[in-house]
Each structure stands twice: as C-alpha cells, then as structure tokens.
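J.: So here's coords-v5.txt (compact mmCIF, C-alpha atoms).
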# COMPACT_ATOMS: atom_id res chain seq x y z
CA MET U 1 90.85 125.36 74.87
CA LYS U 2 92.36 128.26 76.78
CA LYS U 3 90.01 127.71 79.68
CA ASN U 4 90.73 123.98 79.78
CA TRP U 5 94.48 123.98 80.33
CA TRP U 6 94.15 123.06 84.01
CA LYS U 7 92.12 119.97 83.19
CA ILE U 8 94.81 118.80 80.79
CA LEU U 9 97.45 119.56 83.42
CA GLY U 10 95.53 117.48 85.96
CA VAL U 11 95.26 114.52 83.60
CA VAL U 12 98.93 114.70 82.65
CA LEU U 13 100.01 114.90 86.29
CA VAL U 14 97.86 111.94 87.32
CA ILE U 15 99.17 109.80 84.45
CA TYR U 16 102.70 110.85 85.44
CA THR U 17 101.90 109.89 89.02
CA ILE U 18 100.72 106.43 88.05
CA THR U 19 103.57 105.58 85.70
CA GLY U 20 106.30 107.22 87.75
CA GLY U 21 104.75 106.12 91.02
CA LEU U 22 104.74 102.48 90.01
CA LEU U 23 108.03 102.36 88.14
CA LEU U 24 110.55 104.70 89.76
CA ASN U 25 112.80 103.68 92.62
CA VAL U 26 111.54 103.90 96.17
CA PRO U 27 113.42 103.34 99.42
CA ARG U 28 113.46 99.73 100.53
CA LEU U 29 111.96 99.79 104.00
CA ASN U 30 110.90 96.96 106.24
CA ILE U 31 107.19 96.37 106.82
CA LEU U 32 106.30 98.99 104.21
CA ASN U 33 107.98 97.24 101.26
CA GLU U 34 106.33 98.23 97.98
CA THR U 35 103.31 99.67 99.77
CA ILE U 36 105.35 102.85 100.25
CA ARG U 37 104.05 103.70 96.78
CA ASN U 38 100.67 104.31 98.38
CA LEU U 39 102.20 107.62 99.37
CA TYR U 40 101.41 108.75 95.82
CA PHE U 41 97.80 107.60 95.92
CA HIS U 42 96.47 107.47 99.47
CA VAL U 43 98.06 110.63 100.86
CA PRO U 44 97.11 112.93 97.93
CA MET U 45 93.48 112.03 98.63
CA TRP U 46 93.79 113.78 101.99
CA PHE U 47 95.78 116.74 100.71
CA GLY U 48 93.29 117.08 97.88
CA MET U 49 90.39 116.83 100.27
CA VAL U 50 91.72 119.66 102.42
CA ILE U 51 92.25 121.85 99.35
CA LEU U 52 88.77 121.11 97.97
CA LEU U 53 87.12 121.73 101.33
CA THR U 54 89.03 124.98 101.66
CA ILE U 55 87.59 126.06 98.31
CA SER U 56 84.16 124.96 99.52
CA MET U 57 84.45 127.07 102.66
CA THR U 58 85.70 130.06 100.67
CA TYR U 59 82.63 129.91 98.45
CA GLY U 60 80.48 129.53 101.56
CA ILE U 61 81.89 132.79 102.94
CA LYS U 62 81.49 134.40 99.51
CA TYR U 63 77.83 133.39 99.56
CA LEU U 64 77.37 134.97 102.98
CA ARG U 65 78.91 138.20 101.73
CA LYS U 66 77.28 138.45 98.33
CA GLY U 67 74.12 136.36 98.65
CA ASP U 68 74.43 135.03 95.11
CA ILE U 69 73.03 131.49 94.89
CA LYS U 70 75.79 130.43 92.47
CA TYR U 71 78.34 130.61 95.29
CA ASP U 72 76.19 128.31 97.38
CA GLU U 73 76.07 125.82 94.51
CA ARG U 74 79.84 125.94 94.13
CA SER U 75 80.32 125.54 97.85
CA VAL U 76 78.20 122.42 98.07
CA GLU U 77 79.69 120.77 94.99
CA PHE U 78 83.23 121.28 96.27
CA ALA U 79 82.15 119.87 99.63
CA LYS U 80 80.75 116.84 97.80
CA ILE U 81 83.91 116.07 95.86
CA GLY U 82 85.93 116.67 99.03
CA THR U 83 83.80 114.09 100.79
CA VAL U 84 84.37 111.64 97.93
CA PHE U 85 88.11 112.16 98.43
CA ASN U 86 87.63 111.62 102.17
CA VAL U 87 85.87 108.27 101.60
CA MET U 88 88.57 107.21 99.11
CA GLY U 89 91.26 108.17 101.61
CA LEU U 90 89.59 106.24 104.43
CA ILE U 91 89.10 103.07 102.37
CA SER U 92 92.54 103.16 100.77
CA GLY U 93 94.00 103.81 104.20
CA ALA U 94 92.17 100.80 105.62
CA ILE U 95 93.51 98.58 102.83
CA TRP U 96 97.05 99.88 103.38
CA ALA U 97 96.74 99.50 107.14
CA ASN U 98 95.55 95.92 106.77
CA TYR U 99 98.90 94.90 105.29
CA THR U 100 101.23 97.14 107.27
CA TRP U 101 99.63 97.69 110.67
CA GLY U 102 97.96 94.28 110.77
CA GLU U 103 94.32 95.30 110.74
CA PRO U 104 92.20 97.62 108.63
CA TRP U 105 91.02 99.70 111.57
CA SER U 106 93.27 99.98 114.57
CA GLY U 107 91.52 102.93 116.17
CA ASP U 108 94.52 105.06 115.36
CA ALA U 109 94.10 108.70 116.38
CA LYS U 110 94.24 109.95 112.81
CA GLN U 111 91.93 107.23 111.49
CA ASN U 112 89.31 108.10 114.07
CA ALA U 113 89.70 111.81 113.44
CA ALA U 114 89.29 111.32 109.71
CA ALA U 115 86.12 109.30 110.32
CA ILE U 116 84.74 112.02 112.61
CA CYS U 117 85.56 114.57 109.92
CA LEU U 118 83.60 112.49 107.41
CA LEU U 119 80.61 112.40 109.76
CA ILE U 120 80.78 116.18 110.24
CA TYR U 121 80.52 116.65 106.49
CA PHE U 122 77.74 114.07 106.21
CA ALA U 123 75.85 116.19 108.72
CA TYR U 124 76.43 119.17 106.43
CA PHE U 125 74.55 117.44 103.60
CA VAL U 126 71.76 116.27 105.92
CA LEU U 127 71.41 119.82 107.23
CA ARG U 128 71.23 121.23 103.71
CA ASN U 129 68.61 118.82 102.54
CA SER U 130 66.44 119.44 105.56
CA LEU U 131 65.95 123.11 104.66
CA GLU U 132 63.38 124.07 102.04
CA ASP U 133 64.01 127.76 101.55
CA GLU U 134 66.85 128.47 99.15
CA GLN U 135 68.28 131.47 100.99
CA GLN U 136 67.94 129.96 104.42
CA ARG U 137 69.58 126.76 103.17
CA GLY U 138 72.44 128.72 101.67
CA ARG U 139 73.06 130.79 104.77
CA VAL U 140 72.76 128.02 107.35
CA SER U 141 74.88 125.58 105.39
CA ALA U 142 77.55 128.19 104.65
CA ILE U 143 77.84 128.95 108.35
CA TYR U 144 77.94 125.26 109.18
CA ASN U 145 80.60 124.81 106.48
CA VAL U 146 82.88 127.30 108.20
CA PHE U 147 82.48 125.51 111.52
CA ALA U 148 82.99 122.11 109.94
CA TYR U 149 86.20 123.34 108.36
CA ALA U 150 87.36 124.82 111.63
CA ALA U 151 86.72 121.47 113.32
CA MET U 152 88.48 119.50 110.60
CA ILE U 153 91.86 121.23 110.81
CA PRO U 154 92.63 120.40 114.46
CA LEU U 155 91.05 116.96 114.04
CA LEU U 156 93.38 116.01 111.21
CA PHE U 157 96.52 118.01 111.89
CA ILE U 158 96.79 118.77 115.59
CA LEU U 159 95.07 116.14 117.72
CA PRO U 160 96.70 113.09 116.06
CA ARG U 161 100.13 114.64 116.60
CA LEU U 162 99.42 115.00 120.30
CA SER U 163 98.33 111.42 120.64
CA PRO U 164 101.19 109.36 122.06
CA ASP U 165 100.53 106.22 120.07
CA SER U 166 99.36 107.25 116.64
CA LEU U 167 100.56 104.92 113.91
CA HIS U 168 100.63 107.55 111.19
CA PRO U 169 104.04 108.85 110.14
CA GLY U 170 105.05 112.02 111.89
CA ASN U 171 102.58 111.30 114.65
CA GLY U 172 104.36 108.84 116.87
CA GLY U 173 107.39 106.64 117.24
CA ASN U 174 106.42 104.33 114.42
CA PRO U 175 108.51 102.65 111.73
CA GLY U 176 107.13 104.79 108.94
CA PHE U 177 108.91 107.52 107.13
CA ASN U 178 108.62 111.03 108.41
CA PHE U 179 106.88 113.49 106.15
CA TYR U 180 109.08 116.34 107.22
CA ASP U 181 112.14 114.70 105.81
CA ILE U 182 110.37 112.73 103.18
CA ASP U 183 112.92 111.76 100.62
CA SER U 184 113.43 114.11 97.67
CA LYS U 185 113.06 111.18 95.26
CA LEU U 186 109.58 110.57 96.63
CA ARG U 187 108.77 114.25 96.47
CA ILE U 188 109.15 114.57 92.71
CA ILE U 189 106.11 112.35 92.38
CA PHE U 190 104.32 113.17 95.61
CA TYR U 191 103.83 116.89 94.96
CA PRO U 192 102.67 116.52 91.34
CA ALA U 193 100.35 113.77 92.58
CA ILE U 194 98.68 116.17 95.01
CA ILE U 195 98.19 118.82 92.33
CA GLY U 196 97.04 116.28 89.75
CA TRP U 197 94.43 114.55 91.90
CA THR U 198 93.18 117.90 93.21
CA LEU U 199 92.74 119.24 89.68
CA ILE U 200 90.80 116.10 88.71
CA GLY U 201 88.56 116.69 91.72
CA MET U 202 88.06 120.32 90.74
CA TRP U 203 87.18 119.25 87.21
CA LEU U 204 84.51 116.81 88.41
CA ALA U 205 83.12 119.50 90.74
CA SER U 206 83.04 122.00 87.87
CA LEU U 207 80.96 119.59 85.77
CA GLN U 208 78.37 119.42 88.54
CA ILE U 209 78.43 123.19 89.05
CA ARG U 210 77.85 123.86 85.37
CA MET U 211 75.01 121.35 85.33
CA ARG U 212 73.39 123.16 88.26
CA ALA U 213 73.78 126.52 86.56
CA ILE U 214 72.03 125.19 83.44
CA LYS U 215 69.25 123.68 85.51
CA ARG U 216 68.76 126.96 87.42
CA THR U 217 68.60 129.00 84.22
CA LEU U 218 66.03 126.64 82.71
CA GLU U 219 63.91 126.77 85.84
CA ASP U 220 64.03 130.56 86.00
CA ASN U 221 62.81 131.00 82.45
CA MET Q 1 92.34 148.51 120.20
CA LYS Q 2 90.13 145.63 121.17
CA ARG Q 3 90.55 144.12 117.75
CA LEU Q 4 94.32 144.47 117.98
CA LEU Q 5 94.27 142.73 121.32
CA ILE Q 6 92.26 139.87 119.89
CA ILE Q 7 94.63 139.52 116.94
CA PHE Q 8 97.59 139.62 119.29
CA SER Q 9 96.09 136.96 121.51
CA LEU Q 10 95.73 134.69 118.49
CA PHE Q 11 99.49 134.54 118.32
CA LEU Q 12 99.72 133.45 121.93
CA SER Q 13 99.19 129.74 121.84
CA LEU Q 14 99.82 126.96 124.23
CA GLN Q 15 103.12 125.24 123.81
CA VAL Q 16 102.54 121.75 122.59
CA PHE Q 17 105.05 119.11 121.62
CA ALA Q 18 104.59 116.60 118.92
CA GLN Q 19 106.76 113.53 118.93
CA GLU Q 20 110.32 114.17 117.99
CA GLY Q 21 112.69 112.24 115.83
CA GLY Q 22 111.05 109.61 113.75
CA PHE Q 23 112.41 107.63 110.92
CA THR Q 24 114.69 108.97 108.22
CA VAL Q 25 115.19 107.63 104.74
CA THR Q 26 118.82 107.43 103.71
CA GLU Q 27 120.58 106.70 100.45
CA GLU Q 28 121.20 103.12 101.66
CA SER Q 29 117.49 102.56 101.87
CA TYR Q 30 117.41 102.35 98.10
CA THR Q 31 119.91 99.53 97.93
CA ASP Q 32 118.91 97.53 101.00
CA MET Q 33 118.40 94.15 99.32
CA ASP Q 34 117.36 92.50 102.59
CA VAL Q 35 113.98 94.15 102.27
CA GLU Q 36 111.64 92.33 99.95
CA MET Q 37 110.29 94.37 97.09
CA ALA Q 38 108.58 93.43 93.87
CA ASP Q 39 111.91 92.65 92.25
CA THR Q 40 110.73 89.66 90.23
CA MET Q 41 107.90 91.71 88.83
CA ARG Q 42 110.37 94.31 87.65
CA SER Q 43 113.11 91.94 86.51
CA ASN Q 44 110.91 90.23 83.94
CA GLY Q 45 109.38 93.53 82.95
CA LYS Q 46 105.79 92.55 83.63
CA ILE Q 47 105.15 95.56 85.87
CA TYR Q 48 104.84 97.58 82.67
CA VAL Q 49 101.79 95.52 81.80
CA VAL Q 50 100.12 96.58 85.04
CA VAL Q 51 101.06 100.21 84.49
CA GLY Q 52 99.63 99.97 80.98
CA VAL Q 53 96.36 98.54 82.22
CA VAL Q 54 95.97 101.14 84.95
CA VAL Q 55 96.72 104.01 82.56
CA LEU Q 56 94.27 102.55 80.03
CA ILE Q 57 91.47 102.38 82.59
CA LEU Q 58 92.20 105.89 83.82
CA GLY Q 59 92.33 107.07 80.21
CA GLY Q 60 88.93 105.54 79.56
CA LEU Q 61 87.39 107.23 82.57
CA ILE Q 62 88.96 110.57 81.67
CA GLY Q 63 87.77 110.20 78.09
CA TYR Q 64 84.29 109.72 79.47
CA ALA Q 65 84.66 112.85 81.62
CA ILE Q 66 85.83 114.79 78.57
CA SER Q 67 82.75 113.70 76.62
CA ILE Q 68 80.51 114.88 79.48
CA ASP Q 69 82.43 118.17 79.56
CA ARG Q 70 81.91 118.70 75.82
CA LYS Q 71 78.24 117.84 76.00
CA LEU Q 72 77.83 120.33 78.84
CA THR Q 73 79.55 123.04 76.80
CA ARG Q 74 77.10 122.39 73.93
CA ILE Q 75 74.09 122.58 76.24
CA GLU Q 76 75.48 125.71 77.91
CA ARG Q 77 75.74 127.37 74.52
CA GLU Q 78 72.11 126.55 73.81
CA VAL Q 79 70.71 127.51 77.21
CA PHE Q 80 72.62 130.73 77.86
CA LYS Q 81 72.11 132.00 74.32
CA GLU Q 82 68.35 131.85 74.78
CA LYS Q 83 68.51 133.86 77.95
CA PRO Q 84 67.22 137.40 77.35
What is this file in structure tokens?
T.:
Amino acid sequence: MKKNWWKILGVVLVIYTITGGLLLNVPRLNILNETIRNLYFHVPMWFGMVILLTISMTYGIKYLRKGDIKYDERSVEFAKIGTVFNVMGLISGAIWANYTWGEPWSGDAKQNAAAICLLIYFAYFVLRNSLEDEQQRGRVSAIYNVFAYAAMIPLLFILPRLSPDSLHPGNGGNPGFNFYDIDSKLRIIFYPAIIGWTLIGMWLASLQIRMRAIKRTLEDN
Amino acid sequence: MKRLLIIFSLFLSLQVFAQEGGFTVTEESYTDMDVEMADTMRSNGKIYVVVGVVVLILGGLIGYAISIDRKLTRIEREVFKEKP
C-alpha cells in the first residue's frame, strides 16, 4: 500500500478533474463557449506527454551511463505512453479545433509541430525494432531518444510562438485565453489535471515495465 | 576554460519576440450572459448525469487497471522468489 500512494493520488486527481472540470464555473467567452473545459482534458495530455518523455530520456541517459538493460526497458515504455498521450492530444485537439477554428486541421504551426514530433517518436520505435542486438538497440535508441527530445522542445514551445499566425493561445493574436494569465479559477483544476493524468500515464507505463522485468527474469532462468 | 566558455555561450541567445498581449479573462467573463453556455443542461441538473456516467466509465477502467496491477504483484512474488 505504501508504494501505491501515487496511483491513488492520480486516480483521485483525475476524478476531481472530471467532476470539477465539468461542473465548476468557467469564463463565458465567445467562440470557445463550453469547450473551454477542454483545457482540463486536451492540454494536460501535452503537459503529461512532455513529462513522460522527459522521464523516458532520463532513463535513456541512465542506460548509457550504467548499461543496465532495465533502464532501457523503462525508457522505451515511458516513450510509448508518451506517444499515446501525443496521439490523444492530437485527436482531441482536432475535435476541439473543428468546433472552434472551423476545421479539424488548419495547418496551425503548433498542430504541425506536434505531428512532426509524433513522427519523430514513431521513428524511434521503428529504429528500435530494426536492431537485433540488445545492447546495440539500447545504446542507439537511447542516443536517438536524447536527440528526439531535443528536437521536440523547440518544435512545441519555441517555433509555434515565432509563427505569426498560430491559432493556439499564447502563440498569436487569436481570441483564445492566454496561458500566462490563465484565470486562477481555471488553474485550481488545470494543475491537478496535469498531475493526475501524468500519474495515470506513469502507472500504465509501470505495469508494462514490471511485465517486461518478469519476462526477462523467466527468460534468463 | 573551454568548458566555461561553452557554458557561458549557452546563456547568449538570440533575442526573439513572441506575440505580445493576447486575451485576458476578467471577472465579468463569468457573468457575460450574452455568450451561450450549456445553461439549460445545468439548470435542470442533467449535467450531473453525464458526470456520473463519465466517472463510472473511468472507474471501471481504473478498476481493471488495479486488477492487472494486483495480478502482476502476485506473479512478481512467484517469479522473483524462485530466483536464486
């Protein structure tokens, strides 16, 4: 039970996000209307993805330093759940965009960057699966992981802000709300939502990691 | 020395400007009745039904994840105990 507190915390925070996120007051804004509540569900996918991919990269570096295969397993499972979050974020973003920006894909700078980021991580899995040798696979994919992460940060956080006509809030002169002065009433759900969804992602990744560890032990014996 | 120079040069970055200003949410935004929201849904209370359904589904999925977690713990106990 002691080791499981963070899973319980994640579940509680996500349930809080859903109930509070659907019921509490939100600012009444034109165009956005009730879809502003997507802030609690769409945006945490991206924040969670960045956190999970950061963990993935950290384990990649750890593998390079220590050479223990368990770090490689952790790295790849965190990259997987991060990619799941990425896909969720892209699809939920497309649904949201359909009703607020008029079309699911408007070639917005951030949309494109997120899609490129997804492709970079797809390439990571293809690269991994193309290598037979365990150590070689671990090393090459850990190095690629670091580069993928280094490419993701400017793609998601710098380039869209430089684009003159990005539709995402904080990225252009659009009628959204600005994240830097995002309302404090939204924050009391938004921040727990990020933590909650991230913890759920970490839990799912941990299930896979434990499964891999069992499989490895059985194979070694 | 070389390393220090490299670290120092990391702090020298090009000046870039993101868009300024943007939209701010004010207290009035909460009471702006001209903007359509799901008021009917809330006034007759039926939004709670939706929240209930969503929480139920999430609860079911999480319950399933918990059962996988427990099963894994059992298997772990078996496998790692056998290890010499």
J.: For each of Q:Met1, Q:Val55, Q:Leu61, Q:Val49, take the minimum atom-to-atom distance to chain U, counting all atoms listed in the file, then give the residue where this is smallest.
T.: Q:Val55
J.: Please list, as a list of chain:residue names, the residues that have an atom at most 12 Å away from (88.5, 106.8, 99.7) in the coordinates of this file, counting all atoms listed in the file.
T.: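 Output: U:Phe41, U:His42, U:Val43, U:Pro44, U:Met45, U:Trp46, U:Gly48, U:Met49, U:Ile81, U:Gly82, U:Thr83, U:Val84, U:Phe85, U:Asn86, U:Val87, U:Met88, U:Gly89, U:Leu90, U:Ile91, U:Ser92, U:Gly93, U:Ala94, U:Ile95, U:Trp96, U:Ala114, U:Ala115, U:Leu118.
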J.: U:Trp105, U:Tyr121, U:Phe47, U:Phe78: which is nearest Ala151 (chain U), counting all atoms listed in the file?
T.: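 Between U:Trp105, U:Tyr121, U:Phe47, U:Phe78, the residue approaching Ala151 (chain U) most closely is U:Tyr121.
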J.: Find the distance between CA of Glu73 (chain U) and CA of Arg212 (chain U) and write it in Å to one decimal.
T.: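 Straight-line distance from CA of Glu73 (chain U) to CA of Arg212 (chain U) works out to 7.3 Å.
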J.: Around (104.1, 113.9, 90.8), as given in the file, which residues come within 8 Å? Count all atoms listed in the file and list them as a ChimeraX atom specification.
T.: /U:13-14,16-17,20-21,40,187-196
J.: Padding 6 Å on each side, edges along x, y and z: where is the centre of the box around the listed atoms of region 5-23 of chain U, and how long are its edges in Å to one decimal? Output it as lines of an AutoDock Vina configuration file.
T.:
center_x = 100.1
center_y = 113.2
center_z = 85.7
size_x = 27.9
size_y = 33.6
size_z = 22.7
J.: Find the residues around Val26 (chain U) up to 8 Å (all atoms listed in the file counted), leave out those fewer than 6 positions away in its own chain, and share them as a ChimeraX atom specification.
T.: /U:34,36-37,185-186 /Q:30
J.: Could you tell me how far CA of Leu72 (chain Q) sits from CA of Gly201 (chain U), in Å to one decimal place?
T.: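 Atom-to-atom, CA of Gly201 (chain U) and CA of Leu72 (chain Q) are spaced 17.2 Å apart.
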J.: Can you complete the atoms of region 50-75 of chain Q to N, CA, C and O atoms and list them as a PDB file, in the frame of the given file?
T.:
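This is the output file part12.pdb:
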ATOM      1  N   VAL Q  50     101.059  96.046  84.041  1.00  0.00           N
ATOM      2  CA  VAL Q  50     100.120  96.580  85.040  1.00  0.00           C
ATOM      3  C   VAL Q  50      99.961  98.086  84.857  1.00  0.00           C
ATOM      4  O   VAL Q  50      98.849  98.620  84.849  1.00  0.00           O
ATOM      5  N   VAL Q  51     101.113  98.767  84.682  1.00  0.00           N
ATOM      6  CA  VAL Q  51     101.060 100.210  84.490  1.00  0.00           C
ATOM      7  C   VAL Q  51     100.211 100.532  83.272  1.00  0.00           C
ATOM      8  O   VAL Q  51      99.351 101.423  83.294  1.00  0.00           O
ATOM      9  N   GLY Q  52     100.418  99.763  82.195  1.00  0.00           N
ATOM     10  CA  GLY Q  52      99.630  99.970  80.980  1.00  0.00           C
ATOM     11  C   GLY Q  52      98.153  99.831  81.227  1.00  0.00           C
ATOM     12  O   GLY Q  52      97.349 100.660  80.794  1.00  0.00           O
ATOM     13  N   VAL Q  53      97.777  98.772  81.955  1.00  0.00           N
ATOM     14  CA  VAL Q  53      96.360  98.540  82.220  1.00  0.00           C
ATOM     15  C   VAL Q  53      95.766  99.671  83.046  1.00  0.00           C
ATOM     16  O   VAL Q  53      94.694 100.196  82.721  1.00  0.00           O
ATOM     17  N   VAL Q  54      96.493 100.078  84.087  1.00  0.00           N
ATOM     18  CA  VAL Q  54      95.970 101.140  84.950  1.00  0.00           C
ATOM     19  C   VAL Q  54      95.792 102.437  84.160  1.00  0.00           C
ATOM     20  O   VAL Q  54      94.756 103.105  84.248  1.00  0.00           O
ATOM     21  N   VAL Q  55      96.809 102.774  83.348  1.00  0.00           N
ATOM     22  CA  VAL Q  55      96.720 104.010  82.560  1.00  0.00           C
ATOM     23  C   VAL Q  55      95.572 103.912  81.568  1.00  0.00           C
ATOM     24  O   VAL Q  55      94.833 104.879  81.355  1.00  0.00           O
ATOM     25  N   LEU Q  56      95.380 102.731  80.977  1.00  0.00           N
ATOM     26  CA  LEU Q  56      94.270 102.550  80.030  1.00  0.00           C
ATOM     27  C   LEU Q  56      92.934 102.805  80.706  1.00  0.00           C
ATOM     28  O   LEU Q  56      92.077 103.536  80.187  1.00  0.00           O
ATOM     29  N   ILE Q  57      92.749 102.211  81.888  1.00  0.00           N
ATOM     30  CA  ILE Q  57      91.470 102.380  82.590  1.00  0.00           C
ATOM     31  C   ILE Q  57      91.257 103.841  82.944  1.00  0.00           C
ATOM     32  O   ILE Q  57      90.182 104.405  82.710  1.00  0.00           O
ATOM     33  N   LEU Q  58      92.314 104.466  83.478  1.00  0.00           N
ATOM     34  CA  LEU Q  58      92.200 105.890  83.820  1.00  0.00           C
ATOM     35  C   LEU Q  58      91.889 106.711  82.572  1.00  0.00           C
ATOM     36  O   LEU Q  58      91.025 107.593  82.587  1.00  0.00           O
ATOM     37  N   GLY Q  59      92.575 106.368  81.466  1.00  0.00           N
ATOM     38  CA  GLY Q  59      92.330 107.070  80.210  1.00  0.00           C
ATOM     39  C   GLY Q  59      90.881 106.946  79.776  1.00  0.00           C
ATOM     40  O   GLY Q  59      90.268 107.910  79.324  1.00  0.00           O
ATOM     41  N   GLY Q  60      90.328 105.753  79.917  1.00  0.00           N
ATOM     42  CA  GLY Q  60      88.930 105.540  79.560  1.00  0.00           C
ATOM     43  C   GLY Q  60      88.010 106.410  80.383  1.00  0.00           C
ATOM     44  O   GLY Q  60      87.113 107.076  79.848  1.00  0.00           O
ATOM     45  N   LEU Q  61      88.238 106.427  81.687  1.00  0.00           N
ATOM     46  CA  LEU Q  61      87.390 107.230  82.570  1.00  0.00           C
ATOM     47  C   LEU Q  61      87.515 108.712  82.242  1.00  0.00           C
ATOM     48  O   LEU Q  61      86.515 109.440  82.201  1.00  0.00           O
ATOM     49  N   ILE Q  62      88.756 109.147  81.973  1.00  0.00           N
ATOM     50  CA  ILE Q  62      88.960 110.570  81.670  1.00  0.00           C
ATOM     51  C   ILE Q  62      88.318 110.910  80.327  1.00  0.00           C
ATOM     52  O   ILE Q  62      87.701 111.968  80.177  1.00  0.00           O
ATOM     53  N   GLY Q  63      88.435 109.984  79.368  1.00  0.00           N
ATOM     54  CA  GLY Q  63      87.770 110.200  78.090  1.00  0.00           C
ATOM     55  C   GLY Q  63      86.272 110.396  78.275  1.00  0.00           C
ATOM     56  O   GLY Q  63      85.659 111.270  77.652  1.00  0.00           O
ATOM     57  N   TYR Q  64      85.712 109.589  79.168  1.00  0.00           N
ATOM     58  CA  TYR Q  64      84.290 109.720  79.470  1.00  0.00           C
ATOM     59  C   TYR Q  64      83.984 111.086  80.075  1.00  0.00           C
ATOM     60  O   TYR Q  64      83.022 111.758  79.671  1.00  0.00           O
ATOM     61  N   ALA Q  65      84.848 111.526  81.001  1.00  0.00           N
ATOM     62  CA  ALA Q  65      84.660 112.850  81.620  1.00  0.00           C
ATOM     63  C   ALA Q  65      84.758 113.944  80.575  1.00  0.00           C
ATOM     64  O   ALA Q  65      83.992 114.911  80.602  1.00  0.00           O
ATOM     65  N   ILE Q  66      85.687 113.778  79.630  1.00  0.00           N
ATOM     66  CA  ILE Q  66      85.830 114.790  78.570  1.00  0.00           C
ATOM     67  C   ILE Q  66      84.557 114.859  77.744  1.00  0.00           C
ATOM     68  O   ILE Q  66      84.063 115.943  77.409  1.00  0.00           O
ATOM     69  N   SER Q  67      83.968 113.685  77.437  1.00  0.00           N
ATOM     70  CA  SER Q  67      82.750 113.700  76.620  1.00  0.00           C
ATOM     71  C   SER Q  67      81.610 114.384  77.365  1.00  0.00           C
ATOM     72  O   SER Q  67      80.817 115.114  76.756  1.00  0.00           O
ATOM     73  N   ILE Q  68      81.536 114.178  78.690  1.00  0.00           N
ATOM     74  CA  ILE Q  68      80.510 114.880  79.480  1.00  0.00           C
ATOM     75  C   ILE Q  68      80.766 116.383  79.423  1.00  0.00           C
ATOM     76  O   ILE Q  68      79.852 117.187  79.225  1.00  0.00           O
ATOM     77  N   ASP Q  69      82.043 116.755  79.568  1.00  0.00           N
ATOM     78  CA  ASP Q  69      82.430 118.170  79.560  1.00  0.00           C
ATOM     79  C   ASP Q  69      81.990 118.832  78.251  1.00  0.00           C
ATOM     80  O   ASP Q  69      81.399 119.910  78.241  1.00  0.00           O
ATOM     81  N   ARG Q  70      82.266 118.133  77.134  1.00  0.00           N
ATOM     82  CA  ARG Q  70      81.910 118.700  75.820  1.00  0.00           C
ATOM     83  C   ARG Q  70      80.418 118.852  75.679  1.00  0.00           C
ATOM     84  O   ARG Q  70      79.924 119.865  75.169  1.00  0.00           O
ATOM     85  N   LYS Q  71      79.699 117.802  76.119  1.00  0.00           N
ATOM     86  CA  LYS Q  71      78.240 117.840  76.000  1.00  0.00           C
ATOM     87  C   LYS Q  71      77.693 119.019  76.794  1.00  0.00           C
ATOM     88  O   LYS Q  71      76.815 119.744  76.338  1.00  0.00           O
ATOM     89  N   LEU Q  72      78.268 119.210  77.992  1.00  0.00           N
ATOM     90  CA  LEU Q  72      77.830 120.330  78.840  1.00  0.00           C
ATOM     91  C   LEU Q  72      78.072 121.659  78.137  1.00  0.00           C
ATOM     92  O   LEU Q  72      77.220 122.544  78.157  1.00  0.00           O
ATOM     93  N   THR Q  73      79.236 121.781  77.499  1.00  0.00           N
ATOM     94  CA  THR Q  73      79.550 123.040  76.800  1.00  0.00           C
ATOM     95  C   THR Q  73      78.505 123.304  75.721  1.00  0.00           C
ATOM     96  O   THR Q  73      78.044 124.432  75.545  1.00  0.00           O
ATOM     97  N   ARG Q  74      78.122 122.238  74.980  1.00  0.00           N
ATOM     98  CA  ARG Q  74      77.100 122.390  73.930  1.00  0.00           C
ATOM     99  C   ARG Q  74      75.783 122.876  74.525  1.00  0.00           C
ATOM    100  O   ARG Q  74      75.157 123.813  74.019  1.00  0.00           O
ATOM    101  N   ILE Q  75      75.363 122.196  75.629  1.00  0.00           N
ATOM    102  CA  ILE Q  75      74.090 122.580  76.240  1.00  0.00           C
ATOM    103  C   ILE Q  75      74.155 124.007  76.773  1.00  0.00           C
ATOM    104  O   ILE Q  75      73.219 124.781  76.621  1.00  0.00           O
TER     105      ILE Q  75
END
